[in-house]
>>> print(open('upload.txt').read())   # compact mmCIF, C-alpha atoms
# COMPACT_ATOMS: atom_id res chain seq x y z
CA MET A 179 2.58 -3.25 0.40
CA ILE A 180 3.21 0.45 -0.12
CA ALA A 181 5.85 -0.43 -2.71
CA VAL A 182 3.31 -2.66 -4.47
CA ARG A 183 0.72 0.12 -4.30
CA ASP A 184 3.19 2.52 -5.89
CA HIS A 185 4.08 0.12 -8.74
CA LEU A 186 0.61 -1.00 -9.81
CA ASP A 187 1.28 0.29 -13.32
CA GLN A 188 3.98 -2.37 -13.71
CA LEU A 189 1.76 -5.23 -12.62
CA GLY A 190 -0.67 -5.35 -15.53
CA ASP A 191 -3.96 -6.97 -14.54
CA THR A 192 -2.46 -8.48 -11.41
CA LEU A 193 -4.58 -8.08 -8.29
CA PRO A 194 -2.58 -7.36 -5.14
CA VAL A 195 -4.14 -8.70 -1.96
CA VAL A 196 -3.01 -7.72 1.51
CA ILE A 197 -3.57 -10.44 4.08
CA MET A 198 -3.63 -9.84 7.80
CA PHE A 199 -4.63 -11.88 10.79
CA ALA A 200 -6.52 -9.13 12.62
CA ASP A 201 -10.01 -10.33 13.49
CA ASP A 202 -11.83 -7.01 13.23
CA PRO A 203 -12.75 -6.09 9.64
CA SER A 204 -13.33 -2.48 10.67
CA ARG A 205 -9.64 -2.22 11.49
CA LEU A 206 -8.80 -3.62 8.06
CA ALA A 207 -10.97 -1.00 6.41
CA ALA A 208 -9.35 1.79 8.42
CA TYR A 209 -5.90 0.50 7.54
CA ARG A 210 -6.83 0.28 3.86
CA THR A 211 -8.07 3.86 3.91
CA TYR A 212 -5.05 5.10 5.86
CA LEU A 213 -2.64 3.63 3.30
CA ASP A 214 -4.86 4.61 0.38
CA LEU A 215 -4.97 1.08 -0.99
CA GLU A 216 -7.28 0.33 -3.91
CA PHE A 217 -6.99 -3.43 -3.61
CA PRO A 218 -8.46 -5.91 -1.11
CA VAL A 219 -7.27 -6.19 2.46
CA VAL A 220 -8.43 -9.52 3.86
CA ALA A 221 -8.28 -11.27 7.19
CA ASP A 222 -6.92 -14.75 7.81
CA VAL A 223 -7.86 -14.82 11.46
CA ASP A 224 -6.68 -18.32 12.29
CA ARG A 225 -3.58 -17.90 10.09
CA THR A 226 -4.39 -20.89 7.88
CA LEU A 227 -2.72 -19.32 4.87
CA TYR A 228 0.31 -18.32 6.91
CA ARG A 229 0.76 -21.95 7.98
CA LEU A 230 0.17 -23.30 4.46
CA LEU A 231 2.91 -21.07 3.08
CA GLY A 232 5.29 -21.68 5.98
CA ALA A 233 5.22 -18.16 7.39
CA GLY A 234 6.17 -19.02 10.95
CA ARG A 235 6.83 -17.13 14.13
CA GLY A 236 10.25 -15.65 14.64
CA SER A 237 12.19 -15.52 17.87
CA PHE A 238 12.11 -12.27 19.82
CA PHE A 239 15.63 -11.38 18.73
CA ARG A 240 14.95 -12.24 15.10
CA VAL A 241 11.77 -10.17 15.00
CA TRP A 242 13.28 -7.22 16.85
CA SER A 243 16.58 -7.30 15.00
CA PRO A 244 18.58 -4.09 14.45
CA GLY A 245 17.25 -4.10 10.90
CA THR A 246 13.66 -4.19 12.13
CA ILE A 247 14.24 -1.33 14.53
CA ALA A 248 15.92 0.68 11.78
CA MET A 249 12.95 -0.05 9.49
CA TYR A 250 10.47 1.33 12.02
CA ALA A 251 12.71 4.36 12.62
CA ARG A 252 12.62 5.10 8.88
CA LEU A 253 8.82 4.87 8.88
CA VAL A 254 8.56 7.32 11.78
CA ARG A 255 10.94 9.75 10.07
CA ARG A 256 8.66 9.62 7.00
CA GLY A 257 5.71 10.63 9.16
CA ARG A 258 4.14 7.26 9.76
CA ARG A 259 2.28 7.04 13.06
CA LEU A 260 2.94 3.75 14.78
CA HIS A 261 0.57 2.19 17.27
CA ALA A 262 1.20 -0.41 19.91
CA PRO A 263 0.34 -3.74 18.30
CA THR A 264 -2.37 -5.87 19.81
CA GLU A 265 -1.64 -8.90 17.64
CA ASP A 266 1.16 -11.45 17.76
CA THR A 267 4.29 -9.42 17.00
CA ARG A 268 6.36 -12.56 16.41
CA GLN A 269 4.31 -13.70 13.42
CA LEU A 270 6.44 -13.29 10.30
CA GLY A 271 5.03 -12.24 6.95
CA ALA A 272 5.41 -13.60 3.43
CA ASP A 273 5.01 -12.50 -0.16
CA ALA A 274 3.75 -14.65 -3.00
CA VAL A 275 2.81 -14.50 -6.66
CA ILE A 276 -0.10 -16.71 -7.74
CA ASP A 277 -0.62 -17.49 -11.43
CA ARG A 278 -3.87 -17.26 -13.38
CA ASP A 279 -4.69 -20.88 -12.57
CA GLY A 280 -4.34 -20.38 -8.85
CA ARG A 281 -0.90 -22.01 -8.56
CA LEU A 282 1.82 -20.69 -6.33
CA HIS A 283 4.42 -19.30 -8.73
CA ARG A 284 6.88 -17.62 -6.37
CA LEU A 285 7.14 -17.44 -2.60
CA TRP A 286 9.32 -15.32 -0.35
CA LEU A 287 9.61 -16.11 3.35
CA PRO A 288 11.58 -13.27 4.89
CA PRO A 289 13.56 -14.43 7.95
CA THR A 290 13.15 -11.02 9.59
CA PRO A 291 10.49 -8.30 9.22
CA ASP A 292 12.85 -5.97 7.37
CA ALA A 293 13.87 -8.53 4.75
CA ARG A 294 10.86 -8.34 2.44
CA PRO A 295 11.59 -8.73 -1.28
CA ALA A 296 12.23 -5.66 -3.38
CA VAL A 297 9.23 -4.69 -5.49
CA ASP A 298 11.34 -5.27 -8.61
CA GLU A 299 11.60 -8.96 -7.67
CA ILE A 300 7.82 -9.17 -7.40
CA VAL A 301 7.31 -7.36 -10.71
CA ASP A 302 9.81 -9.73 -12.39
CA ALA A 303 7.97 -12.75 -11.00
CA VAL A 304 4.67 -11.43 -12.36
CA ARG A 305 6.24 -10.83 -15.79
CA GLU A 306 7.56 -14.39 -15.81
CA LEU A 307 3.95 -15.54 -15.94
CA ASP A 308 3.49 -13.93 -19.34
CA ARG A 309 6.65 -15.54 -20.71
CA ARG A 310 5.59 -19.10 -19.90
CA MET B 272 11.47 -20.20 12.87
CA THR B 273 10.62 -23.61 11.47
CA ASP B 274 9.75 -24.28 7.86
CA ASP B 275 6.48 -26.16 8.17
CA ARG B 276 5.26 -25.18 4.71
CA VAL B 277 2.81 -27.67 3.26
CA ILE B 278 2.52 -26.21 -0.22
CA GLY B 279 5.31 -25.15 -2.53
CA GLU B 280 5.84 -23.42 -5.83
CA GLY B 281 3.73 -25.08 -8.51
CA ASP B 282 1.02 -26.22 -6.10
CA VAL B 283 -2.53 -24.94 -6.33
CA LEU B 284 -3.28 -22.60 -3.46
CA PRO B 285 -6.06 -24.09 -1.29
CA ASP B 286 -9.24 -22.04 -1.24
CA VAL B 287 -8.79 -20.64 2.25
CA ALA B 288 -11.86 -18.86 3.64
CA LEU B 289 -10.91 -15.23 4.19
CA VAL B 290 -12.91 -12.11 5.09
CA ASP B 291 -12.39 -8.82 3.31
CA HIS B 292 -12.21 -5.30 4.72
CA GLU B 293 -15.99 -4.95 4.42
CA GLY B 294 -16.67 -8.15 6.30
CA ARG B 295 -17.56 -10.16 3.20
CA PRO B 296 -16.27 -13.69 2.50
CA TRP B 297 -13.28 -13.62 0.15
CA ARG B 298 -11.82 -16.64 -1.63
CA PHE B 299 -9.01 -17.18 -4.11
CA SER B 300 -11.26 -19.23 -6.37
CA GLY B 301 -13.29 -16.10 -7.12
CA HIS B 302 -10.27 -14.48 -8.73
CA ARG B 303 -8.96 -17.16 -11.08
CA GLY B 304 -7.92 -15.83 -14.46
CA ARG B 305 -5.71 -13.04 -13.20
CA PRO B 306 -2.44 -13.19 -11.30
CA LEU B 307 -2.40 -12.32 -7.63
CA VAL B 308 0.33 -10.77 -5.52
CA LEU B 309 -0.17 -11.75 -1.91
CA VAL B 310 1.35 -9.62 0.81
CA LEU B 311 1.01 -11.42 4.11
CA HIS B 312 1.34 -8.69 6.67
CA ARG B 313 2.69 -9.05 10.16
CA HIS B 314 0.59 -6.96 12.51
CA LEU B 315 -1.20 -3.66 12.50
CA ALA B 316 1.47 -1.27 13.84
>>> encode(input="upload.txt", output="structure tokens")
Amino acid sequence: MIAVRDHLDQLGDTLPVVIMFADDPSRLAAYRTYLDLEFPVVADVDRTLYRLLGAGRGSFFRVWSPGTIAMYARLVRRGRRLHAPTEDTRQLGADAVIDRDGRLHRLWLPPTPDARPAVDEIVDAVRELDRR
Amino acid sequence: MTDDRVIGEGDVLPDVALVDHEGRPWRFSGHRGRPLVLVLHRHLA
């Protein structure tokens, strides 16, 4: 989401939305402030959207792959403070582009936490909407 | 991981009831007319 935040100028009038399954909105607000996000951070407490999009739970070894560990190490080196998670660490994420009519245009289901799409892929998918 | 996706590309996203960072209800239907980029996060680390 930081990459999306840093490329807002390439997304036109697109609204990014960060979705989490934490059940305490005050934590969402703190997270939004911490990352200096100007777009909504919303909670999907029962993970309905995750299920609809097929964002499943990964195995322990898939979630804590060498790539995942390397990703967290990079974040720490950049000064990010990590906290012990209280949520389901095996829940995998997803990224999606929704068109102006509310249709799912593009969906990425990363098999591991470190395999999220490059922001350029997301920007390209958004630009495809204007070429249709 | 199993692929139990029930919607695919081209399908209308159901209007899932979400709650925003201020505790207010948030729905996709309230934002039709502009594209959305959804980032489904994992956990708050």
>>> atom_distance(input="upload.txt", atom1="CA of Val182 (chain A)", atom2="CA of Leu213 (chain A)")
11.6 Å
>>> closest_atom_pairs(input="upload.txt", of="chain A", to="chain B", cutoff="7 Å", atoms="all atoms listed in the file", output="Markdown table")
| residue | atom | partner | partner_atom | distance |
| --- | --- | --- | --- | --- |
| A:Met179 | CA | B:Val310 | CA | 6.5 |
| A:Asp191 | CA | B:Arg305 | CA | 6.5 |
| A:Thr192 | CA | B:Pro306 | CA | 4.7 |
| A:Leu193 | CA | B:Leu307 | CA | 4.8 |
| A:Pro194 | CA | B:Val308 | CA | 4.5 |
| A:Val195 | CA | B:Leu309 | CA | 5.0 |
| A:Val196 | CA | B:Val310 | CA | 4.8 |
| A:Ile197 | CA | B:Leu311 | CA | 4.7 |
| A:Met198 | CA | B:His312 | CA | 5.2 |
| A:Pro203 | CA | B:His292 | CA | 5.0 |
| A:Ser204 | CA | B:His292 | CA | 6.7 |
| A:Leu206 | CA | B:His292 | CA | 5.1 |
| A:Ala207 | CA | B:His292 | CA | 4.8 |
| A:Pro218 | CA | B:Asp291 | CA | 6.6 |
| A:Val219 | CA | B:His292 | CA | 5.5 |
| A:Val220 | CA | B:Asp291 | CA | 4.1 |
| A:Ala221 | CA | B:Val290 | CA | 5.2 |
| A:Asp222 | CA | B:Leu289 | CA | 5.4 |
| A:Leu227 | CA | B:Val287 | CA | 6.7 |
| A:Arg229 | CA | B:Arg276 | CA | 6.4 |
| A:Leu230 | CA | B:Val277 | CA | 5.2 |
| A:Leu231 | CA | B:Arg276 | CA | 5.0 |
| A:Gly232 | CA | B:Arg276 | CA | 3.7 |
| A:Gly234 | CA | B:Met272 | CA | 5.8 |
| A:Arg235 | CA | B:Met272 | CA | 5.7 |
| A:Gly236 | CA | B:Met272 | CA | 5.0 |
| A:Ser237 | CA | B:Met272 | CA | 6.9 |
| A:Leu260 | CA | B:Ala316 | CA | 5.3 |
| A:His261 | CA | B:Ala316 | CA | 5.0 |
| A:Ala262 | CA | B:Ala316 | CA | 6.1 |
| A:Pro263 | CA | B:Ala316 | CA | 5.2 |
| A:Glu265 | CA | B:His314 | CA | 5.9 |
| A:Asp266 | CA | B:His314 | CA | 6.9 |
| A:Thr267 | CA | B:His314 | CA | 6.3 |
| A:Gln269 | CA | B:Arg313 | CA | 5.9 |
| A:Leu270 | CA | B:Arg313 | CA | 5.7 |
| A:Gly271 | CA | B:Leu311 | CA | 5.0 |
| A:Ala272 | CA | B:Leu311 | CA | 5.0 |
| A:Asp273 | CA | B:Val310 | CA | 4.8 |
| A:Ala274 | CA | B:Leu309 | CA | 5.0 |
| A:Val275 | CA | B:Val308 | CA | 4.6 |
| A:Ile276 | CA | B:Leu307 | CA | 5.0 |
| A:Asp277 | CA | B:Pro306 | CA | 4.7 |
| A:Arg278 | CA | B:Gly304 | CA | 4.4 |
| A:Asp279 | CA | B:Arg303 | CA | 5.9 |
| A:Gly280 | CA | B:Val283 | CA | 5.5 |
| A:Arg281 | CA | B:Val283 | CA | 4.0 |
| A:Leu282 | CA | B:Glu280 | CA | 4.9 |
| A:His283 | CA | B:Glu280 | CA | 5.2 |
| A:Arg284 | CA | B:Glu280 | CA | 5.9 |
| A:Leu285 | CA | B:Glu280 | CA | 6.9 |
>>> atom_distance(input="upload.txt", atom1="CA of His185 (chain A)", atom2="CA of Val297 (chain A)")
7.8 Å
>>> atom_distance(input="upload.txt", atom1="CA of Pro291 (chain A)", atom2="CA of Arg258 (chain A)")
16.8 Å
>>> closest_residue(input="upload.txt", among="A:Arg259, A:Gly245, A:Val254, A:Leu215", to="Arg294 (chain A)", atoms="only C-alpha atoms")
A:Gly245
>>> axis_aligned_box(input="upload.txt", around="region 254-273 of chain A", padding_each_side="3 Å", output="lines of an AutoDock Vina configuration file")
center_x = 4.3
center_y = -1.5
center_z = 9.9
size_x = 19.3
size_y = 30.3
size_z = 26.1
>>> decode(input="upload.txt", residues="region 204-254 of chain A", atoms="N, CA and C atoms", output="PDB file, in the first residue's frame")
ATOM      1  N   SER A 204     -10.091   1.819  15.911  1.00  0.00           N
ATOM      2  CA  SER A 204      -9.071   2.744  16.408  1.00  0.00           C
ATOM      3  C   SER A 204      -7.679   2.300  15.954  1.00  0.00           C
ATOM      4  N   ARG A 205      -7.498   0.999  15.810  1.00  0.00           N
ATOM      5  CA  ARG A 205      -6.206   0.506  15.310  1.00  0.00           C
ATOM      6  C   ARG A 205      -6.045   0.866  13.838  1.00  0.00           C
ATOM      7  N   LEU A 206      -7.161   0.833  13.098  1.00  0.00           N
ATOM      8  CA  LEU A 206      -7.088   1.202  11.679  1.00  0.00           C
ATOM      9  C   LEU A 206      -6.688   2.667  11.551  1.00  0.00           C
ATOM     10  N   ALA A 207      -7.278   3.496  12.377  1.00  0.00           N
ATOM     11  CA  ALA A 207      -6.977   4.924  12.313  1.00  0.00           C
ATOM     12  C   ALA A 207      -5.512   5.184  12.651  1.00  0.00           C
ATOM     13  N   ALA A 208      -5.010   4.480  13.668  1.00  0.00           N
ATOM     14  CA  ALA A 208      -3.604   4.658  14.050  1.00  0.00           C
ATOM     15  C   ALA A 208      -2.685   4.199  12.917  1.00  0.00           C
ATOM     16  N   TYR A 209      -3.048   3.110  12.293  1.00  0.00           N
ATOM     17  CA  TYR A 209      -2.242   2.579  11.193  1.00  0.00           C
ATOM     18  C   TYR A 209      -2.249   3.546  10.009  1.00  0.00           C
ATOM     19  N   ARG A 210      -3.422   4.103   9.743  1.00  0.00           N
ATOM     20  CA  ARG A 210      -3.560   5.062   8.635  1.00  0.00           C
ATOM     21  C   ARG A 210      -2.690   6.295   8.896  1.00  0.00           C
ATOM     22  N   THR A 211      -2.704   6.757  10.130  1.00  0.00           N
ATOM     23  CA  THR A 211      -1.885   7.914  10.486  1.00  0.00           C
ATOM     24  C   THR A 211      -0.397   7.576  10.405  1.00  0.00           C
ATOM     25  N   TYR A 212      -0.042   6.405  10.921  1.00  0.00           N
ATOM     26  CA  TYR A 212       1.366   5.988  10.952  1.00  0.00           C
ATOM     27  C   TYR A 212       1.944   5.931   9.536  1.00  0.00           C
ATOM     28  N   LEU A 213       1.149   5.434   8.583  1.00  0.00           N
ATOM     29  CA  LEU A 213       1.638   5.311   7.210  1.00  0.00           C
ATOM     30  C   LEU A 213       1.317   6.537   6.363  1.00  0.00           C
ATOM     31  N   ASP A 214       0.689   7.543   6.998  1.00  0.00           N
ATOM     32  CA  ASP A 214       0.384   8.784   6.303  1.00  0.00           C
ATOM     33  C   ASP A 214      -0.447   8.526   5.047  1.00  0.00           C
ATOM     34  N   LEU A 215      -1.496   7.746   5.212  1.00  0.00           N
ATOM     35  CA  LEU A 215      -2.380   7.425   4.093  1.00  0.00           C
ATOM     36  C   LEU A 215      -3.506   8.446   4.033  1.00  0.00           C
ATOM     37  N   GLU A 216      -3.846   8.885   2.827  1.00  0.00           N
ATOM     38  CA  GLU A 216      -4.922   9.862   2.663  1.00  0.00           C
ATOM     39  C   GLU A 216      -6.200   9.207   2.170  1.00  0.00           C
ATOM     40  N   PHE A 217      -6.163   7.894   2.025  1.00  0.00           N
ATOM     41  CA  PHE A 217      -7.334   7.184   1.507  1.00  0.00           C
ATOM     42  C   PHE A 217      -7.901   6.264   2.590  1.00  0.00           C
ATOM     43  N   PRO A 218      -9.096   5.714   2.347  1.00  0.00           N
ATOM     44  CA  PRO A 218      -9.752   4.947   3.411  1.00  0.00           C
ATOM     45  C   PRO A 218      -9.008   3.663   3.785  1.00  0.00           C
ATOM     46  N   VAL A 219      -9.070   3.364   5.061  1.00  0.00           N
ATOM     47  CA  VAL A 219      -8.630   2.069   5.580  1.00  0.00           C
ATOM     48  C   VAL A 219      -9.875   1.465   6.222  1.00  0.00           C
ATOM     49  N   VAL A 220     -10.308   0.331   5.721  1.00  0.00           N
ATOM     50  CA  VAL A 220     -11.584  -0.230   6.173  1.00  0.00           C
ATOM     51  C   VAL A 220     -11.391  -1.640   6.709  1.00  0.00           C
ATOM     52  N   ALA A 221     -12.321  -2.028   7.557  1.00  0.00           N
ATOM     53  CA  ALA A 221     -12.255  -3.348   8.183  1.00  0.00           C
ATOM     54  C   ALA A 221     -13.290  -4.287   7.577  1.00  0.00           C
ATOM     55  N   ASP A 222     -12.830  -5.490   7.298  1.00  0.00           N
ATOM     56  CA  ASP A 222     -13.683  -6.588   6.848  1.00  0.00           C
ATOM     57  C   ASP A 222     -13.506  -7.689   7.897  1.00  0.00           C
ATOM     58  N   VAL A 223     -14.172  -7.479   9.015  1.00  0.00           N
ATOM     59  CA  VAL A 223     -13.873  -8.271  10.209  1.00  0.00           C
ATOM     60  C   VAL A 223     -14.090  -9.762   9.991  1.00  0.00           C
ATOM     61  N   ASP A 224     -15.165 -10.118   9.314  1.00  0.00           N
ATOM     62  CA  ASP A 224     -15.414 -11.556   9.118  1.00  0.00           C
ATOM     63  C   ASP A 224     -14.816 -12.084   7.815  1.00  0.00           C
ATOM     64  N   ARG A 225     -14.029 -11.242   7.153  1.00  0.00           N
ATOM     65  CA  ARG A 225     -13.271 -11.620   5.950  1.00  0.00           C
ATOM     66  C   ARG A 225     -14.164 -12.049   4.785  1.00  0.00           C
ATOM     67  N   THR A 226     -15.338 -11.462   4.696  1.00  0.00           N
ATOM     68  CA  THR A 226     -16.253 -11.775   3.594  1.00  0.00           C
ATOM     69  C   THR A 226     -15.619 -11.468   2.249  1.00  0.00           C
ATOM     70  N   LEU A 227     -15.020 -10.293   2.149  1.00  0.00           N
ATOM     71  CA  LEU A 227     -14.407  -9.906   0.877  1.00  0.00           C
ATOM     72  C   LEU A 227     -13.213 -10.804   0.548  1.00  0.00           C
ATOM     73  N   TYR A 228     -12.449 -11.140   1.546  1.00  0.00           N
ATOM     74  CA  TYR A 228     -11.307 -12.042   1.332  1.00  0.00           C
ATOM     75  C   TYR A 228     -11.802 -13.353   0.709  1.00  0.00           C
ATOM     76  N   ARG A 229     -12.883 -13.894   1.273  1.00  0.00           N
ATOM     77  CA  ARG A 229     -13.413 -15.168   0.753  1.00  0.00           C
ATOM     78  C   ARG A 229     -13.956 -14.995  -0.651  1.00  0.00           C
ATOM     79  N   LEU A 230     -14.682 -13.880  -0.897  1.00  0.00           N
ATOM     80  CA  LEU A 230     -15.262 -13.655  -2.217  1.00  0.00           C
ATOM     81  C   LEU A 230     -14.192 -13.595  -3.303  1.00  0.00           C
ATOM     82  N   LEU A 231     -13.056 -13.028  -2.962  1.00  0.00           N
ATOM     83  CA  LEU A 231     -11.984 -12.877  -3.943  1.00  0.00           C
ATOM     84  C   LEU A 231     -11.039 -14.079  -3.971  1.00  0.00           C
ATOM     85  N   GLY A 232     -11.212 -14.993  -3.033  1.00  0.00           N
ATOM     86  CA  GLY A 232     -10.356 -16.178  -3.020  1.00  0.00           C
ATOM     87  C   GLY A 232      -9.037 -15.983  -2.319  1.00  0.00           C
ATOM     88  N   ALA A 233      -8.948 -14.979  -1.472  1.00  0.00           N
ATOM     89  CA  ALA A 233      -7.724 -14.771  -0.689  1.00  0.00           C
ATOM     90  C   ALA A 233      -7.773 -15.725   0.511  1.00  0.00           C
ATOM     91  N   GLY A 234      -7.087 -16.842   0.376  1.00  0.00           N
ATOM     92  CA  GLY A 234      -7.169 -17.876   1.398  1.00  0.00           C
ATOM     93  C   GLY A 234      -6.098 -17.757   2.455  1.00  0.00           C
ATOM     94  N   ARG A 235      -5.977 -18.814   3.222  1.00  0.00           N
ATOM     95  CA  ARG A 235      -4.937 -18.887   4.245  1.00  0.00           C
ATOM     96  C   ARG A 235      -3.818 -19.764   3.712  1.00  0.00           C
ATOM     97  N   GLY A 236      -2.595 -19.288   3.893  1.00  0.00           N
ATOM     98  CA  GLY A 236      -1.447 -20.039   3.436  1.00  0.00           C
ATOM     99  C   GLY A 236      -0.944 -20.973   4.523  1.00  0.00           C
ATOM    100  N   SER A 237      -0.189 -21.963   4.113  1.00  0.00           N
ATOM    101  CA  SER A 237       0.439 -22.847   5.100  1.00  0.00           C
ATOM    102  C   SER A 237       1.508 -22.060   5.865  1.00  0.00           C
ATOM    103  N   PHE A 238       1.919 -22.579   6.991  1.00  0.00           N
ATOM    104  CA  PHE A 238       2.952 -21.915   7.785  1.00  0.00           C
ATOM    105  C   PHE A 238       4.202 -21.663   6.931  1.00  0.00           C
ATOM    106  N   PHE A 239       4.623 -22.683   6.200  1.00  0.00           N
ATOM    107  CA  PHE A 239       5.872 -22.550   5.447  1.00  0.00           C
ATOM    108  C   PHE A 239       5.720 -21.634   4.234  1.00  0.00           C
ATOM    109  N   ARG A 240       4.499 -21.542   3.703  1.00  0.00           N
ATOM    110  CA  ARG A 240       4.283 -20.613   2.591  1.00  0.00           C
ATOM    111  C   ARG A 240       4.280 -19.174   3.106  1.00  0.00           C
ATOM    112  N   VAL A 241       3.620 -18.965   4.254  1.00  0.00           N
ATOM    113  CA  VAL A 241       3.526 -17.612   4.797  1.00  0.00           C
ATOM    114  C   VAL A 241       4.876 -17.127   5.303  1.00  0.00           C
ATOM    115  N   TRP A 242       5.615 -18.025   5.954  1.00  0.00           N
ATOM    116  CA  TRP A 242       6.919 -17.630   6.495  1.00  0.00           C
ATOM    117  C   TRP A 242       8.035 -18.166   5.598  1.00  0.00           C
ATOM    118  N   SER A 243       7.906 -17.886   4.333  1.00  0.00           N
ATOM    119  CA  SER A 243       8.896 -18.307   3.345  1.00  0.00           C
ATOM    120  C   SER A 243      10.148 -17.438   3.491  1.00  0.00           C
ATOM    121  N   PRO A 244      11.269 -17.879   2.926  1.00  0.00           N
ATOM    122  CA  PRO A 244      12.474 -17.023   2.967  1.00  0.00           C
ATOM    123  C   PRO A 244      12.199 -15.629   2.391  1.00  0.00           C
ATOM    124  N   GLY A 245      11.377 -15.574   1.371  1.00  0.00           N
ATOM    125  CA  GLY A 245      11.049 -14.273   0.791  1.00  0.00           C
ATOM    126  C   GLY A 245      10.300 -13.377   1.760  1.00  0.00           C
ATOM    127  N   THR A 246       9.406 -13.974   2.550  1.00  0.00           N
ATOM    128  CA  THR A 246       8.664 -13.187   3.539  1.00  0.00           C
ATOM    129  C   THR A 246       9.610 -12.650   4.609  1.00  0.00           C
ATOM    130  N   ILE A 247      10.478 -13.516   5.087  1.00  0.00           N
ATOM    131  CA  ILE A 247      11.425 -13.097   6.123  1.00  0.00           C
ATOM    132  C   ILE A 247      12.338 -11.994   5.590  1.00  0.00           C
ATOM    133  N   ALA A 248      12.776 -12.141   4.352  1.00  0.00           N
ATOM    134  CA  ALA A 248      13.617 -11.103   3.750  1.00  0.00           C
ATOM    135  C   ALA A 248      12.850  -9.790   3.617  1.00  0.00           C
ATOM    136  N   MET A 249      11.551  -9.889   3.296  1.00  0.00           N
ATOM    137  CA  MET A 249      10.727  -8.683   3.153  1.00  0.00           C
ATOM    138  C   MET A 249      10.653  -7.930   4.487  1.00  0.00           C
ATOM    139  N   TYR A 250      10.404  -8.661   5.582  1.00  0.00           N
ATOM    140  CA  TYR A 250      10.331  -8.006   6.880  1.00  0.00           C
ATOM    141  C   TYR A 250      11.696  -7.430   7.283  1.00  0.00           C
ATOM    142  N   ALA A 251      12.764  -8.135   6.934  1.00  0.00           N
ATOM    143  CA  ALA A 251      14.106  -7.626   7.246  1.00  0.00           C
ATOM    144  C   ALA A 251      14.347  -6.296   6.528  1.00  0.00           C
ATOM    145  N   ARG A 252      13.891  -6.211   5.285  1.00  0.00           N
ATOM    146  CA  ARG A 252      14.046  -4.943   4.547  1.00  0.00           C
ATOM    147  C   ARG A 252      13.275  -3.825   5.235  1.00  0.00           C
ATOM    148  N   LEU A 253      12.055  -4.129   5.690  1.00  0.00           N
ATOM    149  CA  LEU A 253      11.246  -3.112   6.363  1.00  0.00           C
ATOM    150  C   LEU A 253      11.935  -2.608   7.628  1.00  0.00           C
ATOM    151  N   VAL A 254      12.512  -3.529   8.393  1.00  0.00           N
ATOM    152  CA  VAL A 254      13.198  -3.134   9.630  1.00  0.00           C
ATOM    153  C   VAL A 254      14.407  -2.266   9.306  1.00  0.00           C
TER     154      VAL A 254
END
